[in-house]
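Structure first, commentary second.
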Amino acid sequence: MISKRFPFVLLIYSALLTVSLVSACTDETADSSTITDADVDSDTDSDADSDADTDSDADSDSDSDSDSDTDSDSDTDSDSDSDSDTDICNSTWNPPDSANGNTNLPAGLQQVWDHSGAVIMAADNVKIRQLIENNGTLSYCARWDSDVPINATERAQIEALIQSCDRKWTDYLTGWGCWPFDEVNVEVTVWAVRDLSLLVDWSDDEGVAVANSEAECPSDCGPWSPYQSFDNCSADLYDEFFWLDGDLTEYTGWGSATGFYMGADAFLNAAKSGADSQTIVVHEMGHAHGLDDFYDWQPDGWSSWVMWAGSAFTVTDTDGWMLRDVWRHIRQDYGYPAP
């Protein structure tokens with residue numbers, strides 16, 4: 001549906017949690033409960049991937065003897081009792097000694113958690129929590145802040161790149177550590193533009209389109225918050241935004257658990273090339289997962305991972321193990337084994 005409405009008031013994402021969710025060289029401010037946007041980076045950024053585990057339905061019952069042919073109902077009941085993922089999933093923490101050229105991985109992961117774990121646990125809107133609360137689905141508002149028209153093919157390519165970048169992270173959780181989803185479902189539900197005419201060949205199947213002078217995403221529909229229901233949403237609900245600025249020519253960006261910002265050209269060029277990853281995007285998505293920047297310090301023996309901007313160009317195994325560490329600590333809040 002295309003609905004032309006008065007300019008939306010951009011949700012003022014008050015600085016919360018000092019999780020350093022901004023990419024490249026920016027500081028961010030924070031509260032004790034919700035990670036929000038920070039300042040614009042001045043460096044090349046890149047975020048990262050992770051996977052998960054949903055699983056293991058093994059029946060633990062065995063019928064005894066001739067009475068079992070009349071007790072199939074009770075067998076089924078006891079099977080379902082023992083099939084709970086929270087009871088039988090593998091919660092073992094077993095990082096290797098090294099990954100993608102980085103050594104002393106277990107000790108380095110402990111250093112990372114000691115540095116930022118308390119802040120991550122205090123956050124209530126990191127991407128993992130969004131996915132758990134939304135049953136494995138993540139919705140975006142695409143903020144196309146440009147005067148350049150964008151056609152249906154390009155919009156589909158943009159959505160495909162967003163999906164791929166998110167899965168670069170969540171694929172590290174799939175099948176691991178009691179993660180309950182085989183694959184996350186990522187979609188763009190809202191397109192915000194300066195003028196509806198910029199959405200060439202628009203179809204209502206793409207979601208809801210809104211127009212205002214700043215191409216602002218509707219603040220009455222997101223980003224996701226555990227404290228707000230958005231019952232009066234004027235467009236369609238979204239969990240995060242991605243803000244593509246047509247006036248930004250530098251290769252830079254920032255990001256947080258509410259979304260990320262970068263140049264429209266840099267993103268669109270990667271999407272049109274068929275790339276399955278974009279450095280700034282995956283780095284900023286790492287911040288949405290609660291992961292920090294590493295400008296001021298690095299774990300001993302580590303030299304290449306996407307959250308250390310400039311040292312890698314896509315999500316690495318090291319980044320994946322950092323995300324697994326986040327999940328193994330957060331999962332206890334949802335009935336899964338404690339770390």
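All residue names refer to the structure tokens as shown: chains lettered A, B, ... in order, residues numbered from 1 in each chain, ligands numbered from 1 in order.
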| query | Which polymer residues have any atom within 7 Å of an atom of A:Pro299, counting only C-alpha atoms, with same-chain residues fewer than 3 positions away left out, as a ChimeraX atom specification? | reply | /A:108,111,302
| field | Residues near A:Cys233, cut-off 9 Å, only C-alpha atoms, skip fewer than 5 positions along chain, as a ChimeraX atom specification | value | /A:218-222
Since we have the selection now, will you write its residues out, keeping N, CA, C and O atoms, as a PDB file, in the first residue's frame?
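Contents of the output file part-v6.pdb:
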ATOM      1  N   PRO A 218       8.574   5.668   9.641  1.00  0.00           N
ATOM      2  CA  PRO A 218       7.524   6.049  10.588  1.00  0.00           C
ATOM      3  C   PRO A 218       7.878   5.640  12.016  1.00  0.00           C
ATOM      4  O   PRO A 218       8.030   4.454  12.319  1.00  0.00           O
ATOM      5  N   SER A 219       7.967   6.615  12.894  1.00  0.00           N
ATOM      6  CA  SER A 219       8.369   6.342  14.270  1.00  0.00           C
ATOM      7  C   SER A 219       7.265   5.675  15.081  1.00  0.00           C
ATOM      8  O   SER A 219       7.525   5.197  16.187  1.00  0.00           O
ATOM      9  N   ASP A 220       6.055   5.626  14.540  1.00  0.00           N
ATOM     10  CA  ASP A 220       4.969   4.945  15.253  1.00  0.00           C
ATOM     11  C   ASP A 220       4.875   3.469  14.879  1.00  0.00           C
ATOM     12  O   ASP A 220       3.943   2.777  15.283  1.00  0.00           O
ATOM     13  N   CYS A 221       5.872   2.980  14.131  1.00  0.00           N
ATOM     14  CA  CYS A 221       5.864   1.577  13.695  1.00  0.00           C
ATOM     15  C   CYS A 221       7.154   0.831  14.071  1.00  0.00           C
ATOM     16  O   CYS A 221       7.266  -0.363  13.832  1.00  0.00           O
ATOM     17  N   GLY A 222       8.121   1.505  14.638  1.00  0.00           N
ATOM     18  CA  GLY A 222       9.380   0.891  14.999  1.00  0.00           C
ATOM     19  C   GLY A 222      10.411   1.955  15.324  1.00  0.00           C
ATOM     20  O   GLY A 222      10.092   3.144  15.325  1.00  0.00           O
TER      21      GLY A 222
END
Near stretch 125-137 of chain A, 12 Å: stretch 235-338 of chain A residue rows, closest pairs, only C-alpha atoms, as a Markdown table:
| residue | atom | partner | partner_atom | distance |
| --- | --- | --- | --- | --- |
| A:Leu237 | CA | A:Asn134 | CA | 11.6 |
| A:Tyr238 | CA | A:Thr137 | CA | 10.4 |
| A:Asp239 | CA | A:Gln130 | CA | 7.4 |
| A:Glu240 | CA | A:Lys127 | CA | 9.1 |
| A:Gly255 | CA | A:Val126 | CA | 11.8 |
| A:Ser256 | CA | A:Val126 | CA | 8.4 |
| A:Ala257 | CA | A:Val126 | CA | 5.3 |
| A:Thr258 | CA | A:Asn125 | CA | 8.0 |
| A:Gly259 | CA | A:Lys127 | CA | 9.8 |
| A:Glu284 | CA | A:Lys127 | CA | 11.5 |
| A:Met285 | CA | A:Lys127 | CA | 8.4 |
| A:Gly286 | CA | A:Lys127 | CA | 9.0 |
| A:His287 | CA | A:Val126 | CA | 8.5 |
| A:Ala288 | CA | A:Lys127 | CA | 5.5 |
| A:His289 | CA | A:Lys127 | CA | 4.9 |
| A:Gly290 | CA | A:Val126 | CA | 5.9 |
| A:Leu291 | CA | A:Val126 | CA | 9.5 |
| A:Leu323 | CA | A:Ile128 | CA | 9.2 |
| A:Arg324 | CA | A:Ile128 | CA | 10.4 |
| A:Asp325 | CA | A:Ile128 | CA | 11.7 |
| A:Val326 | CA | A:Ile128 | CA | 8.5 |
| A:Trp327 | CA | A:Ile128 | CA | 7.2 |
| A:Arg328 | CA | A:Ile128 | CA | 10.8 |
| A:His329 | CA | A:Ile128 | CA | 11.1 |
| A:Ile330 | CA | A:Arg129 | CA | 8.1 |
| A:Arg331 | CA | A:Arg129 | CA | 9.1 |
| A:Gln332 | CA | A:Arg129 | CA | 11.7 |
| A:Asp333 | CA | A:Arg129 | CA | 9.6 |
| A:Tyr334 | CA | A:Ile132 | CA | 8.3 |
| A:Gly335 | CA | A:Ile132 | CA | 11.5 |
| A:Tyr336 | CA | A:Ile132 | CA | 11.9 |
| field | Contact residues around A:Ser277 with only C-alpha atoms at 9 Å, ignoring same-chain residues under 6 positions, as number ranges by chain | value | A: 161-162, 164-165, 168, 270-271, 313-315
Atoms to include: N, CA and C atoms. Write the selected residues as an mmCIF file, in the first residue's frame.
data_model
loop_
_atom_site.group_PDB
_atom_site.id
_atom_site.type_symbol
_atom_site.label_atom_id
_atom_site.label_comp_id
_atom_site.auth_asym_id
_atom_site.auth_seq_id
_atom_site.Cartn_x
_atom_site.Cartn_y
_atom_site.Cartn_z
ATOM 1 N N LEU A 161 20.539 -8.300 -0.418
ATOM 2 C CA LEU A 161 21.812 -8.057 0.259
ATOM 3 C C LEU A 161 21.621 -7.945 1.773
ATOM 4 N N ILE A 162 20.539 -7.286 2.190
ATOM 5 C CA ILE A 162 20.238 -7.211 3.621
ATOM 6 C C ILE A 162 20.053 -8.613 4.200
ATOM 7 N N SER A 164 21.211 -11.476 3.065
ATOM 8 C CA SER A 164 22.469 -12.207 3.060
ATOM 9 C C SER A 164 23.404 -11.736 4.164
ATOM 10 N N CYS A 165 23.481 -10.431 4.376
ATOM 11 C CA CYS A 165 24.367 -9.900 5.416
ATOM 12 C C CYS A 165 23.911 -10.331 6.804
ATOM 13 N N LYS A 168 24.911 -13.859 7.286
ATOM 14 C CA LYS A 168 26.341 -14.051 7.501
ATOM 15 C C LYS A 168 26.641 -14.196 8.987
ATOM 16 N N ALA A 270 26.966 -2.455 -4.317
ATOM 17 C CA ALA A 270 27.207 -3.824 -3.854
ATOM 18 C C ALA A 270 26.006 -4.711 -4.158
ATOM 19 N N ALA A 271 24.803 -4.191 -3.928
ATOM 20 C CA ALA A 271 23.589 -4.971 -4.175
ATOM 21 C C ALA A 271 23.445 -5.323 -5.655
ATOM 22 N N PHE A 313 36.973 -8.099 5.751
ATOM 23 C CA PHE A 313 35.954 -7.472 4.912
ATOM 24 C C PHE A 313 34.587 -8.144 4.982
ATOM 25 N N THR A 314 34.525 -9.245 5.681
ATOM 26 C CA THR A 314 33.237 -9.890 5.920
ATOM 27 C C THR A 314 33.319 -10.632 7.237
ATOM 28 N N VAL A 315 32.240 -11.238 7.645
ATOM 29 C CA VAL A 315 32.191 -11.953 8.911
ATOM 30 C C VAL A 315 33.156 -13.134 8.892
#
| message | I need the residues of stretch 65-312 of chain A that end up classed as strand (DSSP E or B) by DSSP on the backbone, written out as number ranges by chain. | response | A: 99, 102, 137-145, 150, 185-193, 199, 208-211, 240-245, 253-256, 259-263
| query | Which of stretch 188-270 of chain A counts as alpha helix (DSSP H) under DSSP, as JSON, numbers by chain please? | reply | {"A": [264, 265, 266, 267, 268, 269, 270]}
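With only C-alpha atoms as the basis for measurement, A:Asp300 is the residue among A:Pro223, A:Ser203, A:Asp300, A:Ala338 that approaches A:Gln110 most closely.
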| Nearest to A:Thr189, chosen from A:Pro96, A:Gly207, A:Gly320, A:Gly263, with only C-alpha atoms counted in the distances | A:Gly207
| query | In Å, how far is it from atom CA of A:Met262 to atom CA of A:Ser146? | reply | 12.1 Å
| task | Might you pull out every residue within 7 Å of A:Ser91, with only C-alpha atoms counted and same-chain residues fewer than 4 positions away left off, and present them as number ranges by chain? | result | A: 177-178, 337
Quick one: write out the picked residues with N, CA, C and O atoms as a PDB file, in the first residue's frame?
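Listed below is the output, result37.pdb:
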ATOM      1  N   GLY A 177      24.472 -24.696  19.934  1.00  0.00           N
ATOM      2  CA  GLY A 177      24.208 -24.146  21.254  1.00  0.00           C
ATOM      3  C   GLY A 177      22.756 -23.867  21.584  1.00  0.00           C
ATOM      4  O   GLY A 177      22.459 -22.904  22.289  1.00  0.00           O
ATOM      5  N   CYS A 178      21.833 -24.694  21.088  1.00  0.00           N
ATOM      6  CA  CYS A 178      20.409 -24.584  21.415  1.00  0.00           C
ATOM      7  C   CYS A 178      19.704 -23.451  20.672  1.00  0.00           C
ATOM      8  O   CYS A 178      18.566 -23.086  21.025  1.00  0.00           O
ATOM      9  N   PRO A 337      19.847 -23.571  28.545  1.00  0.00           N
ATOM     10  CA  PRO A 337      20.882 -23.756  29.578  1.00  0.00           C
ATOM     11  C   PRO A 337      21.748 -22.519  29.764  1.00  0.00           C
ATOM     12  O   PRO A 337      22.063 -21.793  28.814  1.00  0.00           O
TER      13      PRO A 337
END
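Computed from the coordinates, the atom CA of A:Trp308 to atom CA of A:Trp179 distance equals 25.6 Å.
Note that the spacing between atom CA of A:Ala192 and atom CA of A:Val148 amounts to 13.2 Å.
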| Close residues, A:Trp321 itself excluded, 8 Å, only C-alpha atoms, min 3 positions apart in chain, as a PyMOL selection string | chain A and resi 50+95+109+172+317-318+324-325
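You can rank A:Asp292, A:Ala235, A:Thr316, A:Ser311 by their closest distance to A:Val112 using only C-alpha atoms, and at the top of that list sits A:Asp292.
The nearest approach to A:Gly175 among the residues A:Asp145, A:Thr279, A:Val188, A:Asn90, with only C-alpha atoms taken into account, belongs to A:Asn90.
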